[in-house]
Amino acid sequence: MATENIYILGIESSCDDTAAAVMLNGKILSNIVANQKIHEEYGGVVPELASRAHQQNIVPVVAQALKKAGITKNDLHAIAFTRGPGLMGSLLVGTSFAKSLAFGLHIPLIDVNHMQAHILAHYIEEADFKKPPFPFLAMTISGGHTQIVKVSSYFDLNVIGETIDDAVGEAFDKSGKILGLGYPAGPEIDKRAKLGNPKAFKFTKPKVDGLNFSFSGLKTGILYFIQKETKANPNFIEENLNDICASIQYTIIGILIDKLKLATKETGITHIAIGGGVSANSGIRQALKDGEQKFGWTTYVPKFEYTTDNAAMIAIVGYLKYLEGDFSAQDITASPRLKI
Ligand code: KG4
Ligand code: ZN
């Protein structure tokens, strides 16, 4: 337990969300996210536009986070920022801003790995959420990442499986694009899946050895299937949209659960935590809950606002590193391909 009040400012700018959060001793006081709507019309994140929007948003987002927390910048003990992985132009904005602010305030600067942050988001103090005990398995599933990580302590993380091509969120988004849905399509597919038959159509699951994932073949399979069916019936998509969405979601969840089953078998670890935007998916949440009964798992799903990209998760890693005295030098650089 900290003996004094430690205020940490977290800053996240790795992709298309500009986010800032203030944390006091592991508890979130404010968690502000500015989503960049501009990418919707392009059907995906446009890096140049993302960095420009970060530059526009970062000062107001940080100001709002401080205001909502009821503190001023002079109350802060450290600035934590996302160093990587992510888009270079996006990371540069948060990195440069964090450095200048820490320098100006004469307080420590703390670099944070975005993937580690998705996992350690489970340690944000929240009354109704239990924290996973070490060791546990973390599955990070989002538009940019798909990994299974063995977590032995806050700072001892091992990636034991990851995607060899697309991330699982991309599988949702690219399938949605084929179906003419807006970007990002994950939430819409989820909504429609609830109204459809998951076994209406069968898609082939990829065959990838071990704990790695692949989603690009599934996307191609869906594309060919839709092309074939719409040739025979031009209204095929609109007449079957809920069933198609349910079948795609069922296939994707099957892929994730199969790998989790293998991971628990190989490691003997049955505590499973998920994070990343796709963990908002109602089907994956249900499948994990079912896994508690069926396979004896204990599962952990973070509060919704800590699953998608946010700065609260950056602040918690910042706080844990602050307690260790693990600070960064001012010549640290953004690192787009940073590994865990
Ligand atoms: O973590 P996130 O906000 O950003 C990164 O990609 O890092 O995740 C965004 C991804 C998108 O691909 C989006 O389609 C997906 O999460 N997503 C969902 C759902 N909500 C968001 N996918 C499936 N079902 C959902 N309910
Ligand atoms: Zn992320």
# chains A, B, ... in the order shown; residues from 1 in each chain; ligands from 1
call {"tool": "residues_around", "arguments": {"residues": "range 95-110 of chain A", "least_positions_apart": "4", "cutoff": "8 Å", "atoms": "only C-alpha atoms", "output": "list of chain:residue names"}}
result
A:Ile11, A:Lys73, A:Asn74, A:Leu76, A:His77, A:Ala78, A:Ile79, A:Ala80, A:Phe81, A:Thr82, A:Arg83, A:Leu91, A:Gly318, A:Lys321, A:Tyr322, A:Asp326, A:Phe327, A:Ser328, A:Ala329, A:Gln330, A:Thr333, A:Ala334
call {"tool": "closest_atom_pairs", "arguments": {"of": "range 43-99 of chain A", "to": "range 25-35 of chain A", "cutoff": "12 Å", "atoms": "only C-alpha atoms", "output": "Markdown table"}}
result
| residue | atom | partner | partner_atom | distance |
| --- | --- | --- | --- | --- |
| A:Val45 | CA | A:Asn35 | CA | 11.4 |
| A:Ala50 | CA | A:Asn35 | CA | 10.1 |
| A:Ala53 | CA | A:Ala34 | CA | 9.4 |
| A:His54 | CA | A:Ala34 | CA | 8.9 |
| A:Gln55 | CA | A:Ala34 | CA | 11.7 |
| A:Gln56 | CA | A:Ala34 | CA | 10.4 |
| A:Asn57 | CA | A:Ala34 | CA | 7.2 |
| A:Ile58 | CA | A:Ala34 | CA | 8.8 |
| A:Val59 | CA | A:Ala34 | CA | 11.3 |
| A:Pro60 | CA | A:Ala34 | CA | 9.6 |
| A:Val61 | CA | A:Ile32 | CA | 6.5 |
| A:Val62 | CA | A:Ile32 | CA | 8.0 |
| A:Ala63 | CA | A:Ile32 | CA | 9.8 |
| A:Gln64 | CA | A:Ile32 | CA | 7.3 |
| A:Ala65 | CA | A:Ser30 | CA | 5.5 |
| A:Leu66 | CA | A:Ser30 | CA | 7.5 |
| A:Lys67 | CA | A:Ser30 | CA | 8.6 |
| A:Lys68 | CA | A:Ser30 | CA | 5.8 |
| A:Ala69 | CA | A:Leu29 | CA | 4.9 |
| A:Gly70 | CA | A:Leu29 | CA | 8.3 |
| A:Ile71 | CA | A:Leu29 | CA | 9.7 |
| A:Leu76 | CA | A:Asn25 | CA | 11.7 |
| A:His77 | CA | A:Asn25 | CA | 10.9 |
call {"tool": "residues_near_ligand", "arguments": {"ligand": "ligand 2", "cutoff": "9 Å", "atoms": "only C-alpha atoms and all ligand atoms", "output": "list in words"}}
result
Ser14, Cys15, Pro85, Gly86, His114, Met115, Ala117, His118, Thr140, Ile141, Ser142, Gly143, Gly144, His145, Gly275, Gly276, Gly277, Thr307, Thr308, Asp309 and Asn310 of chain A
call {"tool": "residues_around", "arguments": {"residues": "range 230-245 of chain A", "least_positions_apart": "2", "cutoff": "6 Å", "atoms": "only C-alpha atoms", "output": "ChimeraX atom specification"}}
result
/A:189,192-193,195-197,200,226-228,247-248
call {"tool": "write_last_selection", "arguments": {"atoms": "N, CA, C and O atoms", "output": "PDB file, in the first residue's frame"}}
result
ATOM      1  N   ILE A 189     -21.829  -6.636 -36.147  1.00  0.00           N
ATOM      2  CA  ILE A 189     -21.886  -8.097 -36.341  1.00  0.00           C
ATOM      3  C   ILE A 189     -22.375  -8.754 -35.049  1.00  0.00           C
ATOM      4  O   ILE A 189     -23.227  -9.654 -35.076  1.00  0.00           O
ATOM      5  N   ARG A 192     -26.157  -8.193 -34.697  1.00  0.00           N
ATOM      6  CA  ARG A 192     -26.933  -9.010 -35.633  1.00  0.00           C
ATOM      7  C   ARG A 192     -26.806 -10.500 -35.320  1.00  0.00           C
ATOM      8  O   ARG A 192     -27.739 -11.272 -35.539  1.00  0.00           O
ATOM      9  N   ALA A 193     -25.644 -10.892 -34.814  1.00  0.00           N
ATOM     10  CA  ALA A 193     -25.409 -12.318 -34.494  1.00  0.00           C
ATOM     11  C   ALA A 193     -26.429 -12.821 -33.476  1.00  0.00           C
ATOM     12  O   ALA A 193     -26.842 -13.980 -33.511  1.00  0.00           O
ATOM     13  N   LEU A 195     -29.427 -12.177 -33.379  1.00  0.00           N
ATOM     14  CA  LEU A 195     -30.716 -12.408 -34.028  1.00  0.00           C
ATOM     15  C   LEU A 195     -30.647 -13.525 -35.074  1.00  0.00           C
ATOM     16  O   LEU A 195     -31.651 -13.864 -35.696  1.00  0.00           O
ATOM     17  N   GLY A 196     -29.459 -14.065 -35.284  1.00  0.00           N
ATOM     18  CA  GLY A 196     -29.298 -15.045 -36.364  1.00  0.00           C
ATOM     19  C   GLY A 196     -28.970 -16.441 -35.869  1.00  0.00           C
ATOM     20  O   GLY A 196     -28.781 -16.682 -34.677  1.00  0.00           O
ATOM     21  N   ASN A 197     -28.888 -17.363 -36.831  1.00  0.00           N
ATOM     22  CA  ASN A 197     -28.559 -18.758 -36.536  1.00  0.00           C
ATOM     23  C   ASN A 197     -27.057 -18.979 -36.768  1.00  0.00           C
ATOM     24  O   ASN A 197     -26.583 -18.891 -37.905  1.00  0.00           O
ATOM     25  N   ALA A 200     -26.110 -21.530 -39.523  1.00  0.00           N
ATOM     26  CA  ALA A 200     -26.737 -21.413 -40.845  1.00  0.00           C
ATOM     27  C   ALA A 200     -25.724 -21.662 -41.959  1.00  0.00           C
ATOM     28  O   ALA A 200     -26.014 -22.331 -42.944  1.00  0.00           O
ATOM     29  N   ILE A 226     -19.535 -15.214 -50.269  1.00  0.00           N
ATOM     30  CA  ILE A 226     -20.492 -14.133 -50.566  1.00  0.00           C
ATOM     31  C   ILE A 226     -20.564 -13.887 -52.078  1.00  0.00           C
ATOM     32  O   ILE A 226     -21.643 -13.706 -52.645  1.00  0.00           O
ATOM     33  N   GLN A 227     -19.410 -13.926 -52.735  1.00  0.00           N
ATOM     34  CA  GLN A 227     -19.397 -13.716 -54.200  1.00  0.00           C
ATOM     35  C   GLN A 227     -20.227 -14.794 -54.898  1.00  0.00           C
ATOM     36  O   GLN A 227     -21.023 -14.500 -55.793  1.00  0.00           O
ATOM     37  N   LYS A 228     -20.045 -16.023 -54.454  1.00  0.00           N
ATOM     38  CA  LYS A 228     -20.766 -17.154 -55.069  1.00  0.00           C
ATOM     39  C   LYS A 228     -22.275 -17.022 -54.833  1.00  0.00           C
ATOM     40  O   LYS A 228     -23.086 -17.145 -55.760  1.00  0.00           O
ATOM     41  N   SER A 247     -23.037 -16.694 -38.083  1.00  0.00           N
ATOM     42  CA  SER A 247     -22.140 -17.786 -38.492  1.00  0.00           C
ATOM     43  C   SER A 247     -20.675 -17.350 -38.458  1.00  0.00           C
ATOM     44  O   SER A 247     -19.795 -18.122 -38.057  1.00  0.00           O
ATOM     45  N   ILE A 248     -20.427 -16.099 -38.893  1.00  0.00           N
ATOM     46  CA  ILE A 248     -19.048 -15.585 -38.853  1.00  0.00           C
ATOM     47  C   ILE A 248     -18.576 -15.502 -37.395  1.00  0.00           C
ATOM     48  O   ILE A 248     -17.495 -15.961 -37.039  1.00  0.00           O
TER      49      ILE A 248
END
call {"tool": "closest_residue", "arguments": {"among": "A:Gly180, A:Gly283, A:Gly268, A:Gly254", "to": "ligand 1", "atoms": "only C-alpha atoms and all ligand atoms"}}
result
A:Gly283
call {"tool": "closest_residue", "arguments": {"among": "A:Ser279, A:Ser152, A:Gln293, A:Thr72", "to": "ligand 1", "atoms": "only C-alpha atoms and all ligand atoms"}}
result
A:Ser279
call {"tool": "residues_around", "arguments": {"residues": "Phe155 in chain A", "least_positions_apart": "4", "cutoff": "10 Å", "atoms": "only C-alpha atoms", "output": "list in words"}}
result
Gln116, Leu120, Val151, Val317, Leu320, Lys321 and Ile340 of chain A
call {"tool": "write_last_selection", "arguments": {"atoms": "C-alpha atoms", "output": "compact mmCIF listing (two decimals), in the first residue's frame"}}
result
# COMPACT_ATOMS: atom_id res chain seq x y z
CA GLN A 116 1.13 -5.10 -21.28
CA LEU A 120 -2.64 -5.08 -16.48
CA VAL A 151 1.47 -13.67 -17.07
CA VAL A 317 1.16 0.29 -15.58
CA LEU A 320 3.02 -0.11 -10.85
CA LYS A 321 6.29 1.01 -12.45
CA ILE A 340 6.15 -7.60 -24.60
call {"tool": "residues_around", "arguments": {"residues": "Gln36 in chain A", "least_positions_apart": "3", "cutoff": "7 Å", "atoms": "only C-alpha atoms", "output": "VMD selection string"}}
result
chain A and resid 16 to 17 39
call {"tool": "write_last_selection", "arguments": {"atoms": "all heavy atoms", "output": "mmCIF file, in the first residue's frame"}}
result
data_model
loop_
_atom_site.group_PDB
_atom_site.id
_atom_site.type_symbol
_atom_site.label_atom_id
_atom_site.label_comp_id
_atom_site.auth_asym_id
_atom_site.auth_seq_id
_atom_site.Cartn_x
_atom_site.Cartn_y
_atom_site.Cartn_z
ATOM 1 N N ASP A 16 -5.954 5.113 -33.129
ATOM 2 C CA ASP A 16 -6.847 6.203 -33.538
ATOM 3 C C ASP A 16 -7.667 6.774 -32.385
ATOM 4 O O ASP A 16 -8.635 7.488 -32.607
ATOM 5 C CB ASP A 16 -7.791 5.725 -34.653
ATOM 6 C CG ASP A 16 -8.663 4.568 -34.218
ATOM 7 O OD1 ASP A 16 -8.294 3.880 -33.251
ATOM 8 O OD2 ASP A 16 -9.710 4.352 -34.838
ATOM 9 N N ASP A 17 -7.296 6.467 -31.145
ATOM 10 C CA ASP A 17 -7.969 7.084 -30.004
ATOM 11 C C ASP A 17 -6.960 7.923 -29.236
ATOM 12 O O ASP A 17 -5.892 7.420 -28.892
ATOM 13 C CB ASP A 17 -8.533 6.019 -29.047
ATOM 14 C CG ASP A 17 -9.646 5.198 -29.686
ATOM 15 O OD1 ASP A 17 -10.575 5.812 -30.253
ATOM 16 O OD2 ASP A 17 -9.574 3.965 -29.638
ATOM 17 N N HIS A 39 -11.959 8.314 -39.565
ATOM 18 C CA HIS A 39 -11.572 7.083 -40.271
ATOM 19 C C HIS A 39 -12.757 6.280 -40.814
ATOM 20 O O HIS A 39 -12.582 5.436 -41.689
ATOM 21 C CB HIS A 39 -10.726 6.206 -39.350
ATOM 22 C CG HIS A 39 -9.558 6.940 -38.774
ATOM 23 N ND1 HIS A 39 -8.454 7.284 -39.512
ATOM 24 C CD2 HIS A 39 -9.361 7.454 -37.545
ATOM 25 C CE1 HIS A 39 -7.610 7.959 -38.755
ATOM 26 N NE2 HIS A 39 -8.140 8.082 -37.551
#
call {"tool": "closest_residue", "arguments": {"among": "A:Ala312, A:Ala21, A:Ile332, A:Ile253", "to": "ligand 1", "atoms": "only C-alpha atoms and all ligand atoms"}}
result
A:Ile253
call {"tool": "residues_around", "arguments": {"residues": "range 160-176 of chain A", "least_positions_apart": "5", "cutoff": "8 Å", "atoms": "only C-alpha atoms", "output": "ChimeraX atom specification"}}
result
/A:141-150,181-186,189,210-216,218-219,222-223,249,252,277-278
call {"tool": "closest_residue", "arguments": {"among": "A:Ala263, A:Glu48, A:Thr204, A:Glu229", "to": "Val159 in chain A", "atoms": "only C-alpha atoms"}}
result
A:Ala263
call {"tool": "select_by_dssp", "arguments": {"residues": "range 48-254 of chain A", "states": "strand (DSSP E)", "output": "mmCIF file with N, CA, C and O atoms, in the first residue's frame"}}
result
data_model
loop_
_atom_site.group_PDB
_atom_site.id
_atom_site.type_symbol
_atom_site.label_atom_id
_atom_site.label_comp_id
_atom_site.auth_asym_id
_atom_site.auth_seq_id
_atom_site.Cartn_x
_atom_site.Cartn_y
_atom_site.Cartn_z
ATOM 1 N N ALA A 78 3.876 11.622 -11.800
ATOM 2 C CA ALA A 78 4.583 11.062 -12.964
ATOM 3 C C ALA A 78 3.661 11.074 -14.179
ATOM 4 O O ALA A 78 2.436 11.109 -14.047
ATOM 5 N N ILE A 79 4.297 11.025 -15.360
ATOM 6 C CA ILE A 79 3.554 10.942 -16.618
ATOM 7 C C ILE A 79 3.882 9.598 -17.260
ATOM 8 O O ILE A 79 5.048 9.307 -17.531
ATOM 9 N N ALA A 80 2.847 8.804 -17.499
ATOM 10 C CA ALA A 80 3.031 7.514 -18.174
ATOM 11 C C ALA A 80 2.467 7.630 -19.586
ATOM 12 O O ALA A 80 1.406 8.220 -19.784
ATOM 13 N N PHE A 81 3.166 7.066 -20.554
ATOM 14 C CA PHE A 81 2.712 7.190 -21.952
ATOM 15 C C PHE A 81 2.944 5.882 -22.696
ATOM 16 O O PHE A 81 3.810 5.084 -22.328
ATOM 17 N N THR A 82 2.172 5.681 -23.759
ATOM 18 C CA THR A 82 2.338 4.488 -24.597
ATOM 19 C C THR A 82 3.540 4.669 -25.509
ATOM 20 O O THR A 82 3.556 5.558 -26.360
ATOM 21 N N ARG A 83 4.524 3.793 -25.350
ATOM 22 C CA ARG A 83 5.719 3.861 -26.206
ATOM 23 C C ARG A 83 5.522 3.052 -27.488
ATOM 24 O O ARG A 83 6.082 3.330 -28.528
ATOM 25 N N GLY A 84 4.702 2.002 -27.411
ATOM 26 C CA GLY A 84 4.450 1.128 -28.558
ATOM 27 C C GLY A 84 3.787 -0.128 -28.053
ATOM 28 O O GLY A 84 3.592 -0.255 -26.830
ATOM 29 N N LEU A 109 9.129 10.383 -15.988
ATOM 30 C CA LEU A 109 8.471 9.961 -17.219
ATOM 31 C C LEU A 109 8.500 8.427 -17.199
ATOM 32 O O LEU A 109 9.513 7.833 -16.827
ATOM 33 N N ILE A 110 7.382 7.800 -17.561
ATOM 34 C CA ILE A 110 7.332 6.325 -17.515
ATOM 35 C C ILE A 110 6.789 5.800 -18.842
ATOM 36 O O ILE A 110 5.665 6.129 -19.231
ATOM 37 N N ASP A 111 7.597 4.993 -19.535
ATOM 38 C CA ASP A 111 7.126 4.439 -20.809
ATOM 39 C C ASP A 111 6.350 3.146 -20.545
ATOM 40 O O ASP A 111 6.675 2.371 -19.648
ATOM 41 N N VAL A 112 5.297 2.942 -21.344
ATOM 42 C CA VAL A 112 4.410 1.796 -21.132
ATOM 43 C C VAL A 112 4.224 1.039 -22.442
ATOM 44 O O VAL A 112 4.048 1.642 -23.505
ATOM 45 N N ASN A 113 4.262 -0.287 -22.346
ATOM 46 C CA ASN A 113 3.963 -1.150 -23.486
ATOM 47 C C ASN A 113 2.438 -1.322 -23.562
ATOM 48 O O ASN A 113 1.805 -1.776 -22.600
ATOM 49 N N PHE A 136 -1.548 -16.377 -14.723
ATOM 50 C CA PHE A 136 -2.798 -16.533 -15.474
ATOM 51 C C PHE A 136 -2.510 -16.369 -16.958
ATOM 52 O O PHE A 136 -1.401 -15.957 -17.338
ATOM 53 N N LEU A 137 -3.488 -16.734 -17.780
ATOM 54 C CA LEU A 137 -3.357 -16.548 -19.224
ATOM 55 C C LEU A 137 -4.163 -15.328 -19.625
ATOM 56 O O LEU A 137 -5.303 -15.164 -19.178
ATOM 57 N N ALA A 138 -3.572 -14.459 -20.437
ATOM 58 C CA ALA A 138 -4.294 -13.283 -20.914
ATOM 59 C C ALA A 138 -4.447 -13.404 -22.421
ATOM 60 O O ALA A 138 -3.476 -13.696 -23.126
ATOM 61 N N MET A 139 -5.656 -13.226 -22.896
ATOM 62 C CA MET A 139 -5.868 -13.218 -24.342
ATOM 63 C C MET A 139 -6.254 -11.788 -24.734
ATOM 64 O O MET A 139 -7.292 -11.292 -24.317
ATOM 65 N N THR A 140 -5.383 -11.132 -25.489
ATOM 66 C CA THR A 140 -5.670 -9.769 -25.946
ATOM 67 C C THR A 140 -6.184 -9.838 -27.370
ATOM 68 O O THR A 140 -5.510 -10.349 -28.265
ATOM 69 N N ILE A 141 -7.398 -9.346 -27.549
ATOM 70 C CA ILE A 141 -8.068 -9.457 -28.844
ATOM 71 C C ILE A 141 -8.621 -8.093 -29.232
ATOM 72 O O ILE A 141 -9.487 -7.549 -28.551
ATOM 73 N N THR A 146 -3.802 -9.890 -31.476
ATOM 74 C CA THR A 146 -4.394 -11.163 -31.053
ATOM 75 C C THR A 146 -3.255 -11.963 -30.445
ATOM 76 O O THR A 146 -2.372 -12.427 -31.159
ATOM 77 N N GLN A 147 -3.244 -12.076 -29.131
ATOM 78 C CA GLN A 147 -2.145 -12.766 -28.456
ATOM 79 C C GLN A 147 -2.669 -13.570 -27.284
ATOM 80 O O GLN A 147 -3.681 -13.205 -26.679
ATOM 81 N N ILE A 148 -1.962 -14.649 -26.975
ATOM 82 C CA ILE A 148 -2.163 -15.309 -25.678
ATOM 83 C C ILE A 148 -0.847 -15.151 -24.921
ATOM 84 O O ILE A 148 0.228 -15.452 -25.452
ATOM 85 N N VAL A 149 -0.955 -14.607 -23.722
ATOM 86 C CA VAL A 149 0.240 -14.280 -22.943
ATOM 87 C C VAL A 149 0.167 -15.000 -21.598
ATOM 88 O O VAL A 149 -0.877 -14.992 -20.937
ATOM 89 N N LYS A 150 1.295 -15.618 -21.227
ATOM 90 C CA LYS A 150 1.373 -16.209 -19.887
ATOM 91 C C LYS A 150 1.905 -15.118 -18.957
ATOM 92 O O LYS A 150 2.991 -14.570 -19.187
ATOM 93 N N VAL A 151 1.106 -14.778 -17.960
ATOM 94 C CA VAL A 151 1.472 -13.668 -17.074
ATOM 95 C C VAL A 151 1.852 -14.241 -15.710
ATOM 96 O O VAL A 151 1.004 -14.757 -14.986
ATOM 97 N N SER A 152 3.144 -14.161 -15.368
ATOM 98 C CA SER A 152 3.617 -14.744 -14.112
ATOM 99 C C SER A 152 3.718 -13.702 -13.003
ATOM 100 O O SER A 152 3.716 -14.050 -11.816
ATOM 101 N N SER A 153 3.875 -12.430 -13.390
ATOM 102 C CA SER A 153 3.840 -11.321 -12.429
ATOM 103 C C SER A 153 3.557 -10.063 -13.251
ATOM 104 O O SER A 153 3.458 -10.141 -14.472
ATOM 105 N N ASP A 156 6.503 -9.938 -15.619
ATOM 106 C CA ASP A 156 7.013 -11.167 -16.236
ATOM 107 C C ASP A 156 5.920 -11.744 -17.134
ATOM 108 O O ASP A 156 5.050 -12.483 -16.690
ATOM 109 N N LEU A 157 5.972 -11.336 -18.411
ATOM 110 C CA LEU A 157 4.940 -11.745 -19.358
ATOM 111 C C LEU A 157 5.587 -12.452 -20.542
ATOM 112 O O LEU A 157 6.611 -11.994 -21.056
ATOM 113 N N ASN A 158 5.011 -13.561 -20.954
ATOM 114 C CA ASN A 158 5.533 -14.320 -22.092
ATOM 115 C C ASN A 158 4.453 -14.561 -23.121
ATOM 116 O O ASN A 158 3.437 -15.182 -22.813
ATOM 117 N N VAL A 159 4.707 -14.113 -24.346
ATOM 118 C CA VAL A 159 3.736 -14.364 -25.415
ATOM 119 C C VAL A 159 3.877 -15.830 -25.830
ATOM 120 O O VAL A 159 4.946 -16.251 -26.258
ATOM 121 N N ILE A 160 2.794 -16.598 -25.676
ATOM 122 C CA ILE A 160 2.881 -18.021 -26.039
ATOM 123 C C ILE A 160 2.120 -18.321 -27.331
ATOM 124 O O ILE A 160 2.170 -19.416 -27.853
ATOM 125 N N GLY A 161 1.382 -17.319 -27.840
ATOM 126 C CA GLY A 161 0.711 -17.494 -29.120
ATOM 127 C C GLY A 161 0.272 -16.149 -29.655
ATOM 128 O O GLY A 161 -0.068 -15.252 -28.883
ATOM 129 N N GLU A 162 0.327 -16.004 -30.982
ATOM 130 C CA GLU A 162 -0.155 -14.743 -31.565
ATOM 131 C C GLU A 162 -0.530 -14.945 -33.017
ATOM 132 O O GLU A 162 -0.209 -15.972 -33.614
#
call {"tool": "atom_distance", "arguments": {"atom1": "CA of Ser335 in chain A", "atom2": "atom 13 (C, counted along the ligand's line) of ligand 1"}}
result
23.3 Å
call {"tool": "atom_distance", "arguments": {"atom1": "CA of Leu87 in chain A", "atom2": "CA of Leu338 in chain A"}}
result
10.9 Å
call {"tool": "closest_residue", "arguments": {"among": "A:Leu262, A:Ser282, A:Pro135, A:Tyr224", "to": "Lys191 in chain A", "atoms": "only C-alpha atoms"}}
result
A:Ser282
call {"tool": "residues_around", "arguments": {"residues": "Ala315 in chain A", "least_positions_apart": "4", "cutoff": "7 Å", "atoms": "only C-alpha atoms", "output": "ChimeraX atom specification"}}
result
/A:8-10,21-23,80,311,319
call {"tool": "write_last_selection", "arguments": {"atoms": "all heavy atoms", "output": "compact mmCIF listing (two decimals), in the first residue's frame"}}
result
# COMPACT_ATOMS: atom_id res chain seq x y z
N ILE A 8 -0.99 9.74 -11.04
CA ILE A 8 -0.32 9.43 -12.31
C ILE A 8 -1.22 9.89 -13.46
O ILE A 8 -2.43 9.62 -13.45
CB ILE A 8 -0.09 7.91 -12.48
CG1 ILE A 8 0.64 7.29 -11.27
CG2 ILE A 8 0.61 7.59 -13.80
CD1 ILE A 8 2.12 7.53 -11.23
N LEU A 9 -0.60 10.55 -14.44
CA LEU A 9 -1.34 10.87 -15.68
C LEU A 9 -0.94 9.83 -16.72
O LEU A 9 0.26 9.62 -16.97
CB LEU A 9 -0.98 12.27 -16.18
CG LEU A 9 -1.55 12.65 -17.55
CD1 LEU A 9 -3.08 12.81 -17.50
CD2 LEU A 9 -0.90 13.94 -18.08
N GLY A 10 -1.93 9.17 -17.31
CA GLY A 10 -1.66 8.21 -18.38
C GLY A 10 -2.05 8.83 -19.72
O GLY A 10 -3.07 9.51 -19.80
N ALA A 21 -5.88 9.74 -18.78
CA ALA A 21 -6.56 9.32 -17.55
C ALA A 21 -5.73 9.74 -16.36
O ALA A 21 -4.50 9.78 -16.43
CB ALA A 21 -6.74 7.80 -17.54
N VAL A 22 -6.41 10.06 -15.27
CA VAL A 22 -5.71 10.36 -14.02
C VAL A 22 -6.03 9.26 -13.02
O VAL A 22 -7.18 8.87 -12.85
CB VAL A 22 -6.12 11.74 -13.45
CG1 VAL A 22 -5.48 11.96 -12.09
CG2 VAL A 22 -5.72 12.85 -14.42
N MET A 23 -4.96 8.75 -12.40
CA MET A 23 -5.11 7.67 -11.42
C MET A 23 -4.56 8.11 -10.08
O MET A 23 -3.52 8.76 -10.02
CB MET A 23 -4.34 6.46 -11.94
CG MET A 23 -4.16 5.34 -10.95
SD MET A 23 -3.56 3.85 -11.74
CE MET A 23 -5.06 3.12 -12.33
N ALA A 80 2.85 8.80 -17.50
CA ALA A 80 3.03 7.51 -18.17
C ALA A 80 2.47 7.63 -19.59
O ALA A 80 1.41 8.22 -19.78
CB ALA A 80 2.31 6.42 -17.41
N ALA A 311 -6.59 5.25 -21.67
CA ALA A 311 -5.37 5.65 -20.97
C ALA A 311 -5.36 5.19 -19.52
O ALA A 311 -4.33 5.25 -18.85
CB ALA A 311 -5.20 7.16 -21.04
N TYR A 319 1.59 3.44 -12.70
CA TYR A 319 1.58 3.41 -11.23
C TYR A 319 2.44 2.25 -10.69
O TYR A 319 3.25 2.42 -9.79
CB TYR A 319 0.13 3.28 -10.75
CG TYR A 319 -0.02 3.17 -9.26
CD1 TYR A 319 0.42 4.19 -8.41
CD2 TYR A 319 -0.60 2.04 -8.68
CE1 TYR A 319 0.27 4.08 -7.03
CE2 TYR A 319 -0.75 1.93 -7.31
CZ TYR A 319 -0.31 2.95 -6.49
OH TYR A 319 -0.45 2.83 -5.13
